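Colleague: Input: one structure, supplied below.
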Amino acid sequence: MIGYYVHHQGSGHLNRARTIAAHCPFPVTGLSTLAAPDDWPGDWVRLPADDNGDPAALSDVTAGGRLHWAPLRHSGLRGRMAAIAQWIATATPRLLVSDVSVEVALLARLLGVPTAVVAMRGERTDPPHQMAYDLADLLLAPWPASLAEPGWAEHWYTKTVHTGAFSRFDGRPLLPPANEPTRSTNHRRVLLLLGSGGTDISPGEIKSAQEATPTWQWTTLGGPEGGWAADPWPALCAADVVVTHAGQNALAECAAARRPAVVVPQERPFGEQSATGRALTRGRLAVVAPDWPNAEEWPGTLDRARALGGNGWSQWAPGDGAARAVAALANASSFESDL
């Protein structure tokens with residue numbers, strides 16, 4: 001058995017965990033503040049929240065810069081760490097995956113459990129990230145080795161498995177009209193795909209982009225004013241161009257559909273999305289805009305993305321990333337003796 005800790009902000013961590021768990025031939029217990037998804041194949045430990053209450057009342061949340069989130073005298077933090085420790089003591093897992101929390105990875109290692117940390121792009125040389133990546137037995141990088149994150153310590157690379165991006169849609173057949181070789185210029189479609197982790201894009205900016213591109217039909221999924229779809233695959237396949245942020249899950253789903261894309265990285269801690277945007281630019285996989293383009297720039301931006309096409313996404317997401325991740329976890333959880 002392994003444990004899989006799922007961070008509760010955004011949907012990418014949960015979707016990645018679900019995809020990995022669906023491929024696992026061994027039991028996987030989820031641990032999260034989030035409720036268990038309907039398709040989770042094993043047990044689930046619901047954890048108390050550690051970020052509730054008055055933010056002004058939280059004290060020394062970084063432990064002097066050595067941790068990311070450990071507020072003093074917070075009952076939720078105390079309860080969640082106790083619940084994880086109790087589960088480890090009872091279940092004796094062979095491995096714990098942290099996706100992502102420095103503190104959970106550290107707790108598991110202090111309890112003698114091997115750890116796998118899901119790596120993130122961006123500037124990760126701060127003391128907490130260095131500690132988590134140093135103590136990990138395995139680093140899972142959900143991007144290709146051909147577009148590796150620069151500046152990592154050599155000993156991180158030696159224990160990193162680059163799986164490539166992966167999503168719940170890998171291997172799913174494309175739907176018409178995504179298979180159509182051409183489409184009338186009067187019926188081109190844009191899918192604006194926003195995440196649940198917040199957006200820097202205002203409704204006014206979206207409206208200006210739509211008004212500047214009258215030959216394009218815009219559909220918005222996600223964000224505060226967008227629609228919601230339990231299955232966005234048909235909308236992805238129908239799009240001539242997908243406009244999205246640089247979150248790992250959104251890009252993995254766009255890549256699975258092999259759709260041309262305009263990527264606008266959002267502000268995130270440690271510059272994660274900006275770093276992802278630089279990787280996409282190096283690989284010429286998408287049109288990357290550092291900021292939301294001005295209205296007059298949108299016609300040319302969409303045309304450049306459509307001309308670039310989506311076939312390059314096969315480098316980013318080869319289609320077997322989840323299987324590679326499971327193989328790496330199986331290898332990391334096999335050790336010679338249990339004392």
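Here, A, B, ... name the chains of the structure tokens in the order displayed, residue numbers run from 1 inside each chain, and ligands are numbered from 1 in the same displayed order.
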If you run DSSP on the backbone here, which positions in segment 54-278 of chain A get strand (DSSP E or B)? Please write them as a PDB file with N, CA, C and O atoms, in the first residue's frame.

Modeller:
```pdb
ATOM      1  N   LEU A  95       5.231   3.663   0.902  1.00  0.00           N
ATOM      2  CA  LEU A  95       5.643   4.916   0.274  1.00  0.00           C
ATOM      3  C   LEU A  95       4.539   5.933   0.507  1.00  0.00           C
ATOM      4  O   LEU A  95       3.357   5.581   0.551  1.00  0.00           O
ATOM      5  N   LEU A  96       4.926   7.205   0.649  1.00  0.00           N
ATOM      6  CA  LEU A  96       3.946   8.275   0.668  1.00  0.00           C
ATOM      7  C   LEU A  96       4.301   9.276  -0.426  1.00  0.00           C
ATOM      8  O   LEU A  96       5.434   9.741  -0.510  1.00  0.00           O
ATOM      9  N   VAL A  97       3.303   9.587  -1.273  1.00  0.00           N
ATOM     10  CA  VAL A  97       3.459  10.579  -2.331  1.00  0.00           C
ATOM     11  C   VAL A  97       2.950  11.910  -1.806  1.00  0.00           C
ATOM     12  O   VAL A  97       1.828  11.996  -1.291  1.00  0.00           O
ATOM     13  N   SER A  98       3.741  12.950  -1.930  1.00  0.00           N
ATOM     14  CA  SER A  98       3.319  14.292  -1.542  1.00  0.00           C
ATOM     15  C   SER A  98       3.094  15.133  -2.786  1.00  0.00           C
ATOM     16  O   SER A  98       4.024  15.444  -3.511  1.00  0.00           O
ATOM     17  N   ASP A  99       1.829  15.514  -3.006  1.00  0.00           N
ATOM     18  CA  ASP A  99       1.454  16.312  -4.184  1.00  0.00           C
ATOM     19  C   ASP A  99       0.486  17.412  -3.740  1.00  0.00           C
ATOM     20  O   ASP A  99      -0.718  17.295  -3.953  1.00  0.00           O
ATOM     21  N   THR A 115       9.537   8.582   0.635  1.00  0.00           N
ATOM     22  CA  THR A 115       8.658   9.602   0.075  1.00  0.00           C
ATOM     23  C   THR A 115       8.941   9.826  -1.400  1.00  0.00           C
ATOM     24  O   THR A 115      10.081   9.750  -1.857  1.00  0.00           O
ATOM     25  N   ALA A 116       7.862  10.097  -2.121  1.00  0.00           N
ATOM     26  CA  ALA A 116       7.943  10.574  -3.504  1.00  0.00           C
ATOM     27  C   ALA A 116       7.314  11.958  -3.518  1.00  0.00           C
ATOM     28  O   ALA A 116       6.202  12.137  -3.028  1.00  0.00           O
ATOM     29  N   VAL A 117       8.015  12.922  -4.054  1.00  0.00           N
ATOM     30  CA  VAL A 117       7.525  14.300  -4.124  1.00  0.00           C
ATOM     31  C   VAL A 117       7.249  14.636  -5.577  1.00  0.00           C
ATOM     32  O   VAL A 117       8.103  14.426  -6.443  1.00  0.00           O
ATOM     33  N   VAL A 118       6.050  15.133  -5.855  1.00  0.00           N
ATOM     34  CA  VAL A 118       5.727  15.598  -7.194  1.00  0.00           C
ATOM     35  C   VAL A 118       6.388  16.959  -7.376  1.00  0.00           C
ATOM     36  O   VAL A 118       6.091  17.906  -6.650  1.00  0.00           O
ATOM     37  N   LEU A 138      12.203   9.817  -4.400  1.00  0.00           N
ATOM     38  CA  LEU A 138      11.832   9.911  -5.809  1.00  0.00           C
ATOM     39  C   LEU A 138      11.230  11.277  -6.060  1.00  0.00           C
ATOM     40  O   LEU A 138      10.428  11.774  -5.257  1.00  0.00           O
ATOM     41  N   LEU A 139      11.615  11.905  -7.166  1.00  0.00           N
ATOM     42  CA  LEU A 139      10.964  13.112  -7.651  1.00  0.00           C
ATOM     43  C   LEU A 139      10.238  12.773  -8.945  1.00  0.00           C
ATOM     44  O   LEU A 139      10.848  12.254  -9.891  1.00  0.00           O
ATOM     45  N   LEU A 140       8.954  13.031  -8.976  1.00  0.00           N
ATOM     46  CA  LEU A 140       8.153  12.832 -10.178  1.00  0.00           C
ATOM     47  C   LEU A 140       8.009  14.176 -10.871  1.00  0.00           C
ATOM     48  O   LEU A 140       7.438  15.119 -10.313  1.00  0.00           O
ATOM     49  N   ALA A 141       8.521  14.290 -12.081  1.00  0.00           N
ATOM     50  CA  ALA A 141       8.437  15.518 -12.861  1.00  0.00           C
ATOM     51  C   ALA A 141       7.443  15.306 -13.990  1.00  0.00           C
ATOM     52  O   ALA A 141       7.749  14.585 -14.951  1.00  0.00           O
ATOM     53  N   THR A 160      15.118  11.731 -10.334  1.00  0.00           N
ATOM     54  CA  THR A 160      13.924  12.257 -10.992  1.00  0.00           C
ATOM     55  C   THR A 160      13.487  11.339 -12.129  1.00  0.00           C
ATOM     56  O   THR A 160      14.303  10.888 -12.925  1.00  0.00           O
ATOM     57  N   VAL A 161      12.196  11.071 -12.177  1.00  0.00           N
ATOM     58  CA  VAL A 161      11.586  10.396 -13.319  1.00  0.00           C
ATOM     59  C   VAL A 161      10.724  11.420 -14.045  1.00  0.00           C
ATOM     60  O   VAL A 161       9.754  11.943 -13.482  1.00  0.00           O
ATOM     61  N   HIS A 162      11.114  11.746 -15.269  1.00  0.00           N
ATOM     62  CA  HIS A 162      10.336  12.651 -16.105  1.00  0.00           C
ATOM     63  C   HIS A 162       9.260  11.831 -16.809  1.00  0.00           C
ATOM     64  O   HIS A 162       9.557  11.065 -17.726  1.00  0.00           O
ATOM     65  N   ARG A 188     -14.555  29.639 -36.868  1.00  0.00           N
ATOM     66  CA  ARG A 188     -13.455  29.174 -36.022  1.00  0.00           C
ATOM     67  C   ARG A 188     -13.814  29.343 -34.557  1.00  0.00           C
ATOM     68  O   ARG A 188     -14.496  30.297 -34.174  1.00  0.00           O
ATOM     69  N   ARG A 189     -13.322  28.433 -33.746  1.00  0.00           N
ATOM     70  CA  ARG A 189     -13.744  28.386 -32.343  1.00  0.00           C
ATOM     71  C   ARG A 189     -12.554  28.528 -31.404  1.00  0.00           C
ATOM     72  O   ARG A 189     -11.504  27.913 -31.610  1.00  0.00           O
ATOM     73  N   VAL A 190     -12.763  29.317 -30.360  1.00  0.00           N
ATOM     74  CA  VAL A 190     -11.790  29.471 -29.283  1.00  0.00           C
ATOM     75  C   VAL A 190     -12.402  28.899 -28.018  1.00  0.00           C
ATOM     76  O   VAL A 190     -13.544  29.223 -27.667  1.00  0.00           O
ATOM     77  N   LEU A 191     -11.636  28.054 -27.329  1.00  0.00           N
ATOM     78  CA  LEU A 191     -12.023  27.615 -25.988  1.00  0.00           C
ATOM     79  C   LEU A 191     -11.114  28.308 -24.993  1.00  0.00           C
ATOM     80  O   LEU A 191      -9.896  28.109 -25.003  1.00  0.00           O
ATOM     81  N   LEU A 192     -11.701  29.151 -24.145  1.00  0.00           N
ATOM     82  CA  LEU A 192     -10.957  29.779 -23.064  1.00  0.00           C
ATOM     83  C   LEU A 192     -11.091  28.884 -21.839  1.00  0.00           C
ATOM     84  O   LEU A 192     -12.183  28.734 -21.281  1.00  0.00           O
ATOM     85  N   LEU A 193      -9.992  28.267 -21.461  1.00  0.00           N
ATOM     86  CA  LEU A 193      -9.998  27.272 -20.395  1.00  0.00           C
ATOM     87  C   LEU A 193      -9.301  27.867 -19.174  1.00  0.00           C
ATOM     88  O   LEU A 193      -8.082  28.042 -19.160  1.00  0.00           O
ATOM     89  N   TRP A 216     -14.256  34.656 -34.771  1.00  0.00           N
ATOM     90  CA  TRP A 216     -14.017  33.543 -33.851  1.00  0.00           C
ATOM     91  C   TRP A 216     -15.171  33.460 -32.847  1.00  0.00           C
ATOM     92  O   TRP A 216     -15.622  34.474 -32.316  1.00  0.00           O
ATOM     93  N   GLN A 217     -15.596  32.250 -32.577  1.00  0.00           N
ATOM     94  CA  GLN A 217     -16.641  32.015 -31.582  1.00  0.00           C
ATOM     95  C   GLN A 217     -15.984  31.552 -30.285  1.00  0.00           C
ATOM     96  O   GLN A 217     -15.292  30.536 -30.260  1.00  0.00           O
ATOM     97  N   TRP A 218     -16.202  32.288 -29.211  1.00  0.00           N
ATOM     98  CA  TRP A 218     -15.535  32.016 -27.933  1.00  0.00           C
ATOM     99  C   TRP A 218     -16.465  31.238 -26.996  1.00  0.00           C
ATOM    100  O   TRP A 218     -17.649  31.551 -26.861  1.00  0.00           O
ATOM    101  N   THR A 219     -15.884  30.241 -26.324  1.00  0.00           N
ATOM    102  CA  THR A 219     -16.548  29.513 -25.236  1.00  0.00           C
ATOM    103  C   THR A 219     -15.614  29.541 -24.031  1.00  0.00           C
ATOM    104  O   THR A 219     -14.408  29.335 -24.185  1.00  0.00           O
ATOM    105  N   THR A 220     -16.164  29.797 -22.855  1.00  0.00           N
ATOM    106  CA  THR A 220     -15.345  29.866 -21.645  1.00  0.00           C
ATOM    107  C   THR A 220     -15.757  28.763 -20.678  1.00  0.00           C
ATOM    108  O   THR A 220     -16.944  28.607 -20.362  1.00  0.00           O
ATOM    109  N   LEU A 221     -14.783  28.002 -20.228  1.00  0.00           N
ATOM    110  CA  LEU A 221     -14.984  27.009 -19.173  1.00  0.00           C
ATOM    111  C   LEU A 221     -14.084  27.361 -18.005  1.00  0.00           C
ATOM    112  O   LEU A 221     -12.894  27.623 -18.178  1.00  0.00           O
ATOM    113  N   GLY A 227     -18.498  28.799 -17.824  1.00  0.00           N
ATOM    114  CA  GLY A 227     -19.328  27.624 -17.619  1.00  0.00           C
ATOM    115  C   GLY A 227     -18.541  26.506 -16.957  1.00  0.00           C
ATOM    116  O   GLY A 227     -17.330  26.615 -16.715  1.00  0.00           O
ATOM    117  N   VAL A 241      -8.495  26.729 -31.460  1.00  0.00           N
ATOM    118  CA  VAL A 241      -7.424  27.203 -30.590  1.00  0.00           C
ATOM    119  C   VAL A 241      -7.947  27.176 -29.160  1.00  0.00           C
ATOM    120  O   VAL A 241      -9.091  27.577 -28.895  1.00  0.00           O
ATOM    121  N   VAL A 242      -7.112  26.699 -28.239  1.00  0.00           N
ATOM    122  CA  VAL A 242      -7.408  26.769 -26.813  1.00  0.00           C
ATOM    123  C   VAL A 242      -6.574  27.897 -26.219  1.00  0.00           C
ATOM    124  O   VAL A 242      -5.368  27.976 -26.459  1.00  0.00           O
ATOM    125  N   VAL A 243      -7.219  28.771 -25.464  1.00  0.00           N
ATOM    126  CA  VAL A 243      -6.526  29.819 -24.713  1.00  0.00           C
ATOM    127  C   VAL A 243      -6.597  29.428 -23.246  1.00  0.00           C
ATOM    128  O   VAL A 243      -7.689  29.210 -22.704  1.00  0.00           O
ATOM    129  N   THR A 244      -5.448  29.307 -22.611  1.00  0.00           N
ATOM    130  CA  THR A 244      -5.445  28.824 -21.241  1.00  0.00           C
ATOM    131  C   THR A 244      -4.257  29.383 -20.472  1.00  0.00           C
ATOM    132  O   THR A 244      -3.414  30.091 -21.023  1.00  0.00           O
ATOM    133  N   ALA A 261      -2.611  26.161 -29.142  1.00  0.00           N
ATOM    134  CA  ALA A 261      -2.885  26.859 -27.888  1.00  0.00           C
ATOM    135  C   ALA A 261      -2.187  28.207 -27.804  1.00  0.00           C
ATOM    136  O   ALA A 261      -1.087  28.394 -28.323  1.00  0.00           O
ATOM    137  N   VAL A 262      -2.868  29.129 -27.120  1.00  0.00           N
ATOM    138  CA  VAL A 262      -2.282  30.367 -26.627  1.00  0.00           C
ATOM    139  C   VAL A 262      -2.231  30.229 -25.109  1.00  0.00           C
ATOM    140  O   VAL A 262      -3.262  29.992 -24.468  1.00  0.00           O
ATOM    141  N   VAL A 263      -1.050  30.335 -24.548  1.00  0.00           N
ATOM    142  CA  VAL A 263      -0.863  30.130 -23.114  1.00  0.00           C
ATOM    143  C   VAL A 263      -0.465  31.456 -22.480  1.00  0.00           C
ATOM    144  O   VAL A 263       0.498  32.090 -22.906  1.00  0.00           O
TER     145      VAL A 263
END
```

Colleague: Would you kindly return, as a list in words, each protein, DNA or RNA residue with an atom no farther than 10 Å from any atom of Ala148 of chain A, considering only C-alpha atoms and excluding same-chain residues fewer than 3 positions away?

Modeller: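 That gives Arg121, Ala141, Trp143, Pro144, Ala145, Gly151, Trp152, Tyr157, His162 and Ala279 of chain A.
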
Colleague: Put those residues in a file: C-alpha atoms, as an mmCIF file, in the first residue's frame.

Modeller:
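Result file part_5.cif:
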```
data_model
loop_
_atom_site.group_PDB
_atom_site.id
_atom_site.type_symbol
_atom_site.label_atom_id
_atom_site.label_comp_id
_atom_site.auth_asym_id
_atom_site.auth_seq_id
_atom_site.Cartn_x
_atom_site.Cartn_y
_atom_site.Cartn_z
ATOM 1 C CA ARG A 121 8.537 24.105 -12.026
ATOM 2 C CA ALA A 141 8.437 15.518 -12.861
ATOM 3 C CA TRP A 143 7.045 17.171 -17.959
ATOM 4 C CA PRO A 144 9.461 15.724 -20.540
ATOM 5 C CA ALA A 145 13.184 15.351 -19.905
ATOM 6 C CA GLY A 151 19.067 25.107 -12.406
ATOM 7 C CA TRP A 152 18.311 21.957 -10.448
ATOM 8 C CA TYR A 157 18.164 14.872 -11.397
ATOM 9 C CA HIS A 162 10.336 12.651 -16.105
ATOM 10 C CA ALA A 279 9.595 25.657 -21.385
#
```

Colleague: What are the closest atom pairs, with distances in Å to one decimal, for each residue of segment 130-224 of chain A lying within 12 Å of segment 6-24 of chain A, using only C-alpha atoms, rows by chain and rising residue number, as a Markdown table?

Modeller:
```
| residue | atom | partner | partner_atom | distance |
| --- | --- | --- | --- | --- |
| A:Leu140 | CA | A:Arg16 | CA | 11.5 |
| A:Ala141 | CA | A:Arg16 | CA | 11.9 |
| A:Pro142 | CA | A:Arg16 | CA | 9.4 |
| A:Thr163 | CA | A:Ile20 | CA | 11.4 |
| A:Ala165 | CA | A:Arg16 | CA | 9.6 |
| A:Phe166 | CA | A:Arg16 | CA | 7.6 |
| A:Ser167 | CA | A:Thr19 | CA | 6.5 |
| A:Arg168 | CA | A:Thr19 | CA | 5.5 |
| A:Phe169 | CA | A:Thr19 | CA | 9.1 |
| A:Asp170 | CA | A:Thr19 | CA | 9.5 |
| A:Leu194 | CA | A:Gly10 | CA | 10.8 |
| A:Gly195 | CA | A:Gly10 | CA | 7.0 |
| A:Ser196 | CA | A:Gly10 | CA | 5.0 |
| A:Gly197 | CA | A:Gly10 | CA | 4.1 |
| A:Gly198 | CA | A:Gly10 | CA | 7.9 |
| A:Thr199 | CA | A:Gly10 | CA | 11.0 |
| A:Gly222 | CA | A:Ser11 | CA | 10.9 |
| A:Gly223 | CA | A:Gly10 | CA | 11.1 |
```

Colleague: Residues of the last selection are to be written out with N, CA, C and O atoms, as a PDB file, in the first residue's frame.

Modeller:
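Resulting contents of selection18.pdb:
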```
ATOM      1  N   LEU A 140       8.954  13.031  -8.976  1.00  0.00           N
ATOM      2  CA  LEU A 140       8.153  12.832 -10.178  1.00  0.00           C
ATOM      3  C   LEU A 140       8.009  14.176 -10.871  1.00  0.00           C
ATOM      4  O   LEU A 140       7.438  15.119 -10.313  1.00  0.00           O
ATOM      5  N   ALA A 141       8.521  14.290 -12.081  1.00  0.00           N
ATOM      6  CA  ALA A 141       8.437  15.518 -12.861  1.00  0.00           C
ATOM      7  C   ALA A 141       7.443  15.306 -13.990  1.00  0.00           C
ATOM      8  O   ALA A 141       7.749  14.585 -14.951  1.00  0.00           O
ATOM      9  N   PRO A 142       6.252  15.909 -13.920  1.00  0.00           N
ATOM     10  CA  PRO A 142       5.251  15.690 -14.974  1.00  0.00           C
ATOM     11  C   PRO A 142       5.482  16.575 -16.191  1.00  0.00           C
ATOM     12  O   PRO A 142       4.604  17.305 -16.637  1.00  0.00           O
ATOM     13  N   THR A 163       8.040  11.995 -16.380  1.00  0.00           N
ATOM     14  CA  THR A 163       6.952  11.190 -16.937  1.00  0.00           C
ATOM     15  C   THR A 163       6.362  11.804 -18.200  1.00  0.00           C
ATOM     16  O   THR A 163       5.677  11.117 -18.961  1.00  0.00           O
ATOM     17  N   ALA A 165       3.809  15.140 -19.336  1.00  0.00           N
ATOM     18  CA  ALA A 165       2.492  15.506 -18.808  1.00  0.00           C
ATOM     19  C   ALA A 165       1.504  14.374 -19.052  1.00  0.00           C
ATOM     20  O   ALA A 165       1.616  13.626 -20.022  1.00  0.00           O
ATOM     21  N   PHE A 166       0.546  14.252 -18.157  1.00  0.00           N
ATOM     22  CA  PHE A 166      -0.492  13.248 -18.366  1.00  0.00           C
ATOM     23  C   PHE A 166      -1.805  13.742 -17.782  1.00  0.00           C
ATOM     24  O   PHE A 166      -1.845  14.594 -16.897  1.00  0.00           O
ATOM     25  N   SER A 167      -2.892  13.212 -18.312  1.00  0.00           N
ATOM     26  CA  SER A 167      -4.217  13.623 -17.872  1.00  0.00           C
ATOM     27  C   SER A 167      -5.185  12.453 -17.969  1.00  0.00           C
ATOM     28  O   SER A 167      -4.862  11.396 -18.529  1.00  0.00           O
ATOM     29  N   ARG A 168      -6.384  12.677 -17.473  1.00  0.00           N
ATOM     30  CA  ARG A 168      -7.452  11.667 -17.531  1.00  0.00           C
ATOM     31  C   ARG A 168      -7.873  11.365 -18.964  1.00  0.00           C
ATOM     32  O   ARG A 168      -8.541  10.364 -19.217  1.00  0.00           O
ATOM     33  N   PHE A 169      -7.497  12.238 -19.914  1.00  0.00           N
ATOM     34  CA  PHE A 169      -7.925  12.069 -21.298  1.00  0.00           C
ATOM     35  C   PHE A 169      -6.916  11.348 -22.172  1.00  0.00           C
ATOM     36  O   PHE A 169      -7.187  11.131 -23.363  1.00  0.00           O
ATOM     37  N   ASP A 170      -5.781  10.975 -21.633  1.00  0.00           N
ATOM     38  CA  ASP A 170      -4.773  10.309 -22.449  1.00  0.00           C
ATOM     39  C   ASP A 170      -5.351   9.040 -23.076  1.00  0.00           C
ATOM     40  O   ASP A 170      -5.960   8.209 -22.389  1.00  0.00           O
ATOM     41  N   LEU A 194     -10.083  28.193 -18.161  1.00  0.00           N
ATOM     42  CA  LEU A 194      -9.557  28.788 -16.942  1.00  0.00           C
ATOM     43  C   LEU A 194      -9.591  27.766 -15.819  1.00  0.00           C
ATOM     44  O   LEU A 194     -10.401  26.843 -15.819  1.00  0.00           O
ATOM     45  N   GLY A 195      -8.718  27.933 -14.851  1.00  0.00           N
ATOM     46  CA  GLY A 195      -8.619  26.974 -13.764  1.00  0.00           C
ATOM     47  C   GLY A 195      -9.445  27.382 -12.558  1.00  0.00           C
ATOM     48  O   GLY A 195     -10.046  28.460 -12.505  1.00  0.00           O
ATOM     49  N   SER A 196      -9.461  26.506 -11.559  1.00  0.00           N
ATOM     50  CA  SER A 196     -10.178  26.785 -10.320  1.00  0.00           C
ATOM     51  C   SER A 196      -9.274  27.387  -9.258  1.00  0.00           C
ATOM     52  O   SER A 196      -9.713  27.679  -8.155  1.00  0.00           O
ATOM     53  N   GLY A 197      -7.997  27.585  -9.603  1.00  0.00           N
ATOM     54  CA  GLY A 197      -7.059  28.128  -8.628  1.00  0.00           C
ATOM     55  C   GLY A 197      -6.908  29.630  -8.682  1.00  0.00           C
ATOM     56  O   GLY A 197      -5.967  30.188  -8.132  1.00  0.00           O
ATOM     57  N   GLY A 198      -7.853  30.325  -9.355  1.00  0.00           N
ATOM     58  CA  GLY A 198      -7.772  31.773  -9.457  1.00  0.00           C
ATOM     59  C   GLY A 198      -7.212  32.211 -10.795  1.00  0.00           C
ATOM     60  O   GLY A 198      -6.483  31.475 -11.450  1.00  0.00           O
ATOM     61  N   THR A 199      -7.573  33.431 -11.206  1.00  0.00           N
ATOM     62  CA  THR A 199      -7.124  33.937 -12.495  1.00  0.00           C
ATOM     63  C   THR A 199      -6.823  35.421 -12.393  1.00  0.00           C
ATOM     64  O   THR A 199      -7.445  36.143 -11.605  1.00  0.00           O
ATOM     65  N   GLY A 222     -14.658  27.355 -16.804  1.00  0.00           N
ATOM     66  CA  GLY A 222     -13.886  27.654 -15.608  1.00  0.00           C
ATOM     67  C   GLY A 222     -13.835  29.137 -15.323  1.00  0.00           C
ATOM     68  O   GLY A 222     -14.367  29.958 -16.065  1.00  0.00           O
ATOM     69  N   GLY A 223     -13.185  29.482 -14.211  1.00  0.00           N
ATOM     70  CA  GLY A 223     -13.112  30.874 -13.812  1.00  0.00           C
ATOM     71  C   GLY A 223     -14.399  31.329 -13.148  1.00  0.00           C
ATOM     72  O   GLY A 223     -15.407  30.599 -13.118  1.00  0.00           O
TER      73      GLY A 223
END
```

Colleague: Choose the residue, out of A:Glu253, A:Glu154, A:Asp126, A:Asp240, that has the smallest atom-to-atom separation from Trp316 of chain A; count only C-alpha atoms.

Modeller: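 Checking each of A:Glu253, A:Glu154, A:Asp126, A:Asp240 against Trp316 of chain A, counting only C-alpha atoms, the winner is A:Glu253.
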
Colleague: Do a neighbour search on Arg284 of chain A at 9 Å with only C-alpha atoms, toss out local chain neighbours closer than 3 positions, and write the hits as a compact mmCIF listing (two decimals) with all heavy atoms, in the first residue's frame.

Modeller:
```
# COMPACT_ATOMS: atom_id res chain seq x y z
N ALA A 279 9.36 26.99 -20.82
CA ALA A 279 9.60 25.66 -21.38
C ALA A 279 8.79 25.45 -22.67
O ALA A 279 9.29 24.89 -23.65
CB ALA A 279 9.24 24.59 -20.36
N LEU A 280 7.54 25.91 -22.67
CA LEU A 280 6.72 25.78 -23.87
C LEU A 280 7.30 26.58 -25.03
O LEU A 280 7.26 26.14 -26.18
CB LEU A 280 5.29 26.25 -23.58
CG LEU A 280 4.49 25.45 -22.55
CD1 LEU A 280 3.14 26.10 -22.32
CD2 LEU A 280 4.34 24.00 -22.98
N THR A 281 7.85 27.74 -24.70
CA THR A 281 8.48 28.56 -25.74
C THR A 281 9.71 27.87 -26.30
O THR A 281 9.92 27.84 -27.53
CB THR A 281 8.84 29.93 -25.18
OG1 THR A 281 7.65 30.61 -24.74
CG2 THR A 281 9.53 30.80 -26.23
N VAL A 287 1.85 29.24 -28.53
CA VAL A 287 2.11 30.67 -28.49
C VAL A 287 1.98 31.12 -27.04
O VAL A 287 0.91 30.97 -26.44
CB VAL A 287 1.13 31.45 -29.39
CG1 VAL A 287 1.30 32.96 -29.20
CG2 VAL A 287 1.34 31.06 -30.85
N LEU A 308 0.69 27.30 -35.94
CA LEU A 308 1.66 26.44 -35.25
C LEU A 308 1.12 25.02 -35.11
O LEU A 308 1.86 24.04 -35.21
CB LEU A 308 1.99 27.02 -33.87
CG LEU A 308 2.99 26.26 -33.00
CD1 LEU A 308 4.35 26.19 -33.69
CD2 LEU A 308 3.12 26.92 -31.63
N GLY A 312 2.89 19.28 -31.95
CA GLY A 312 4.06 19.33 -31.08
C GLY A 312 3.80 18.90 -29.66
O GLY A 312 4.74 18.57 -28.92
```

Colleague: Record the distance separating atom CA of Pro260 of chain A and atom CA of Cys237 of chain A, expressed in Å with one decimal.

Modeller: 10.5 Å

Colleague: Residues at most 8 Å from segment 264-275 of chain A, counting only C-alpha atoms, excluding those fewer than 3 positions away in the same chain, as a list in words?

Modeller: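 Using only C-alpha atoms, the neighbours found are Met120, Arg121, Gly122, Glu123, Arg124, Thr199, Asp200, Val243, Thr244, His245, Ala246, Gly247, Arg278, Ala279, Val288, Ala289, Pro290, Asp291 and Trp292 of chain A.
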
Colleague: Those same residues, written as a PDB file, in the first residue's frame with C-alpha atoms?

Modeller:
```pdb
ATOM      1  CA  MET A 120       6.946  21.705  -9.586  1.00  0.00           C
ATOM      2  CA  ARG A 121       8.537  24.105 -12.026  1.00  0.00           C
ATOM      3  CA  GLY A 122       9.828  27.501 -10.993  1.00  0.00           C
ATOM      4  CA  GLU A 123      12.308  28.727  -8.415  1.00  0.00           C
ATOM      5  CA  ARG A 124      12.511  25.857  -5.907  1.00  0.00           C
ATOM      6  CA  THR A 199      -7.124  33.937 -12.495  1.00  0.00           C
ATOM      7  CA  ASP A 200      -5.515  37.284 -13.259  1.00  0.00           C
ATOM      8  CA  VAL A 243      -6.526  29.819 -24.713  1.00  0.00           C
ATOM      9  CA  THR A 244      -5.445  28.824 -21.241  1.00  0.00           C
ATOM     10  CA  HIS A 245      -3.129  29.462 -18.325  1.00  0.00           C
ATOM     11  CA  ALA A 246       0.060  27.494 -17.687  1.00  0.00           C
ATOM     12  CA  GLY A 247      -1.234  25.157 -15.005  1.00  0.00           C
ATOM     13  CA  ARG A 278       9.425  29.430 -20.864  1.00  0.00           C
ATOM     14  CA  ALA A 279       9.595  25.657 -21.385  1.00  0.00           C
ATOM     15  CA  VAL A 288       3.056  32.008 -25.053  1.00  0.00           C
ATOM     16  CA  ALA A 289       2.012  35.535 -24.090  1.00  0.00           C
ATOM     17  CA  PRO A 290       3.628  36.938 -20.923  1.00  0.00           C
ATOM     18  CA  ASP A 291       0.466  38.979 -20.276  1.00  0.00           C
ATOM     19  CA  TRP A 292      -3.086  38.981 -21.599  1.00  0.00           C
TER      20      TRP A 292
END
```

Colleague: Tell me, as a list in words, which residues lie within 10 Å of segment 54-61 of chain A, counting only C-alpha atoms; anything in the same chain fewer than 6 positions away does not count.

Modeller: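 Here the qualifying residues turn out to be Leu67, His68, Trp69, Ala70, Pro71, Leu72, Arg73 and His74 of chain A.
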
Colleague: Tell me which protein, DNA and RNA residues are within 12 Å of Ser334 of chain A, counting only C-alpha atoms, leaving out same-chain ones fewer than 6 positions away, and put them as an MDAnalysis selection string.

Modeller: chainID A and resid 1:2 26 93:95 113:114 137 327:328

Colleague: Restricting the calculation to only C-alpha atoms: of A:Thr33, A:Ser202, A:Tyr4, A:Pro293, which residue gets closest to Ala108 of chain A?

Modeller: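 Closest to Ala108 of chain A of all the choices is A:Tyr4.
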
Colleague: Find the spatial neighbours of Glu296 of chain A, counting only C-alpha atoms, within a cut-off of 9 Å - ignore same-chain residues fewer than 4 positions away - and output them as JSON, numbers by chain.

Modeller: {"A": [208, 209, 212, 213, 300]}
